[in-house]
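*Asks:* Here it is, the structure in full.
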Amino acid sequence: MIQENTILTVADNSGAKIVRCFRVLGGSNKMHANIGDLVVASVQVAEPRKLLKKKEIVQALVVRTRAPLHRKDGTYVRFDENAVVIIEKGKRDPRGTRVFGPIPREIKDKGYDKIASLAQEIV
């Protein structure tokens with residue numbers, strides 16, 4: 001589960017390396033984000049000469065969490081890190097052109113087909 005002030009790694013090549021979540025989107029009482037939820041984050045560490053710079057405010061889609069994800073078939077999926085993909089504000093398209101690491105199939109089920117197609121591996 002992702003909450004405010006959580007440090008997240010970025011799983012794409014948009015230029016940001018590490019972001020800090022400061023708002024979970026989805027209503028005033030929504031405190032935690034899971035896989036497939038949107039968060040508003042601030043770039044903490046960025047690569048030089050890239051699209052995103054430090055202190056920029058971005059919207060991101062949570063693609064991996066350390067908290068286990070329970071599936072309807074009874075299995076659990078858990079990742080080693082908390083990771084996000086930076087997306088365009090108001091759209092469902094990623095800002096980067098590549099997505100690194102495994103992506104759960106729930107991302108495609110929630111309508112983020114472009115991110116799922118860019119992923120190296122879908123689990």
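Just remember, in the structure tokens the first chain shown is A, the second B, etc., residues are 1-based per chain, and ligands are 1-based in the order shown.
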Using only C-alpha atoms, determine which residues lie at most 7 Å from Glu106 in chain A, disregarding the query and same-chain residues fewer than 3 positions distant; provide the list as a PyMOL selection string.
*Replies:* chain A and resi 36+109-110
*Asks:* For the residues in that selection, give me N, CA, C and O atoms as an mmCIF file, in the first residue's frame.
*Replies:*
data_model
loop_
_atom_site.group_PDB
_atom_site.id
_atom_site.type_symbol
_atom_site.label_atom_id
_atom_site.label_comp_id
_atom_site.auth_asym_id
_atom_site.auth_seq_id
_atom_site.Cartn_x
_atom_site.Cartn_y
_atom_site.Cartn_z
ATOM 1 N N GLY A 36 -2.533 -0.148 -9.728
ATOM 2 C CA GLY A 36 -3.546 0.383 -10.632
ATOM 3 C C GLY A 36 -4.135 1.707 -10.205
ATOM 4 O O GLY A 36 -4.958 2.261 -10.924
ATOM 5 N N ASP A 109 -6.111 -4.737 -17.195
ATOM 6 C CA ASP A 109 -7.537 -4.851 -16.896
ATOM 7 C C ASP A 109 -8.148 -3.509 -16.516
ATOM 8 O O ASP A 109 -9.344 -3.284 -16.736
ATOM 9 N N LYS A 110 -7.351 -2.599 -15.943
ATOM 10 C CA LYS A 110 -7.858 -1.284 -15.542
ATOM 11 C C LYS A 110 -7.833 -0.273 -16.675
ATOM 12 O O LYS A 110 -8.159 0.890 -16.468
#
*Asks:* Report the distance between CA of Glu81 in chain A and CA of Arg98 in chain A in Å, rounded to one decimal place.
*Replies:* 18.4 Å
*Asks:* If I take CA of Lys89 in chain A and CA of Arg71 in chain A, how far is one from the other in Å, to one decimal?
*Replies:* 28.8 Å
*Asks:* Would you mind listing what lies within 9 Å of Phe79 in chain A as a PyMOL selection string, with only C-alpha atoms counted and same-chain residues fewer than 4 positions away left out?
*Replies:* chain A and resi 64-68+102
*Asks:* Go ahead and save the residues from that selection, with all heavy atoms, as a short mmCIF file (atom, residue, chain, number, x, y, z; two decimals), in the first residue's frame.
*Replies:*
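Listing of out37.cif after writing:
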data_model
loop_
_atom_site.label_atom_id
_atom_site.label_comp_id
_atom_site.auth_asym_id
_atom_site.auth_seq_id
_atom_site.Cartn_x
_atom_site.Cartn_y
_atom_site.Cartn_z
N ARG A 64 3.84 -1.57 -9.05
CA ARG A 64 4.36 -2.63 -8.18
C ARG A 64 4.29 -2.16 -6.74
O ARG A 64 4.59 -0.99 -6.44
CB ARG A 64 5.83 -2.95 -8.52
CG ARG A 64 6.01 -3.61 -9.84
CD ARG A 64 7.40 -4.18 -9.99
NE ARG A 64 8.44 -3.18 -10.16
CZ ARG A 64 8.84 -2.72 -11.34
NH1 ARG A 64 8.27 -3.14 -12.44
NH2 ARG A 64 9.80 -1.83 -11.40
N THR A 65 3.90 -3.06 -5.83
CA THR A 65 3.90 -2.75 -4.41
C THR A 65 4.49 -3.93 -3.64
O THR A 65 4.41 -5.07 -4.08
CB THR A 65 2.48 -2.49 -3.86
OG1 THR A 65 1.67 -3.64 -4.08
CG2 THR A 65 1.85 -1.28 -4.50
N ARG A 66 5.05 -3.63 -2.49
CA ARG A 66 5.55 -4.68 -1.61
C ARG A 66 4.41 -5.39 -0.90
O ARG A 66 4.55 -6.54 -0.50
CB ARG A 66 6.52 -4.09 -0.59
CG ARG A 66 7.84 -3.68 -1.20
CD ARG A 66 8.81 -3.23 -0.15
NE ARG A 66 8.97 -4.24 0.88
CZ ARG A 66 9.99 -5.08 0.96
NH1 ARG A 66 10.93 -5.03 0.06
NH2 ARG A 66 10.06 -5.95 1.93
N ALA A 67 3.29 -4.71 -0.74
CA ALA A 67 2.13 -5.35 -0.12
C ALA A 67 1.55 -6.37 -1.10
O ALA A 67 1.45 -6.10 -2.30
CB ALA A 67 1.07 -4.31 0.22
N PRO A 68 1.19 -7.57 -0.64
CA PRO A 68 0.69 -8.58 -1.57
C PRO A 68 -0.65 -8.19 -2.19
O PRO A 68 -1.50 -7.57 -1.55
CB PRO A 68 0.53 -9.83 -0.70
CG PRO A 68 0.79 -9.43 0.68
CD PRO A 68 1.30 -8.04 0.72
N PRO A 102 8.76 -6.23 -14.26
CA PRO A 102 7.47 -6.89 -14.45
C PRO A 102 6.29 -5.97 -14.10
O PRO A 102 6.39 -5.12 -13.23
CB PRO A 102 7.53 -8.08 -13.49
CG PRO A 102 8.48 -7.65 -12.44
CD PRO A 102 9.49 -6.77 -13.10
#
*Asks:* What's around Asn34 in chain A at 9 Å? Count only C-alpha atoms, leave out sequence neighbours fewer than 3 positions away in its own chain, and write the answer as a ChimeraX atom specification.
*Replies:* /A:1-2,37-38,62-65,67,69
*Asks:* Using only C-alpha atoms, please write the residues we just selected to a file, as a short mmCIF file (atom, residue, chain, number, x, y, z; two decimals), in the first residue's frame.
*Replies:*
data_model
loop_
_atom_site.label_atom_id
_atom_site.label_comp_id
_atom_site.auth_asym_id
_atom_site.auth_seq_id
_atom_site.Cartn_x
_atom_site.Cartn_y
_atom_site.Cartn_z
CA MET A 1 0.00 0.00 0.00
CA ILE A 2 1.23 3.45 -0.91
CA ASP A 37 -4.24 3.53 -8.57
CA LEU A 38 -3.10 7.06 -9.41
CA VAL A 62 1.32 2.44 -9.18
CA VAL A 63 2.57 -0.70 -10.97
CA ARG A 64 4.36 -2.63 -8.18
CA THR A 65 3.90 -2.75 -4.41
CA ALA A 67 2.13 -5.35 -0.12
CA LEU A 69 -2.03 -8.33 -4.19
#
*Asks:* Determine the nearest neighbour of Gln120 in chain A from the options A:Met31, A:Ala11, A:Val58, A:Ala41, counting only C-alpha atoms.
*Replies:*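 The shortest atom-to-atom distance to Gln120 in chain A comes from A:Ala11.
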*Asks:* Just checking: using only C-alpha atoms, which residue out of A:Arg92, A:His32, A:Lys54, A:Asn82 ends up closest to Asp113 in chain A?
*Replies:*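 Answer, going by the shortest atom-to-atom distance: A:Arg92.
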*Asks:* Ranking A:Lys108, A:Lys91, A:Lys17, A:Lys114 by minimum distance to Leu52 in chain A and counting only C-alpha atoms, which one comes first?
*Replies:*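 Answer, going by the shortest atom-to-atom distance: A:Lys17.
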*Asks:* So which one's closest to Ile86 in chain A, A:Ser42, A:Ser117, A:Asn29, A:Ser14? Using only C-alpha atoms, please.
*Replies:*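 Of all the options, A:Ser14 lies closest to Ile86 in chain A.
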*Asks:* Write out as a PyMOL selection string all residues of range 43-103 of chain A that DSSP puts in strand (DSSP E) for this structure's backbone.
*Replies:* chain A and resi 43-46+57-64+69-70+76-77+83-87+99-103
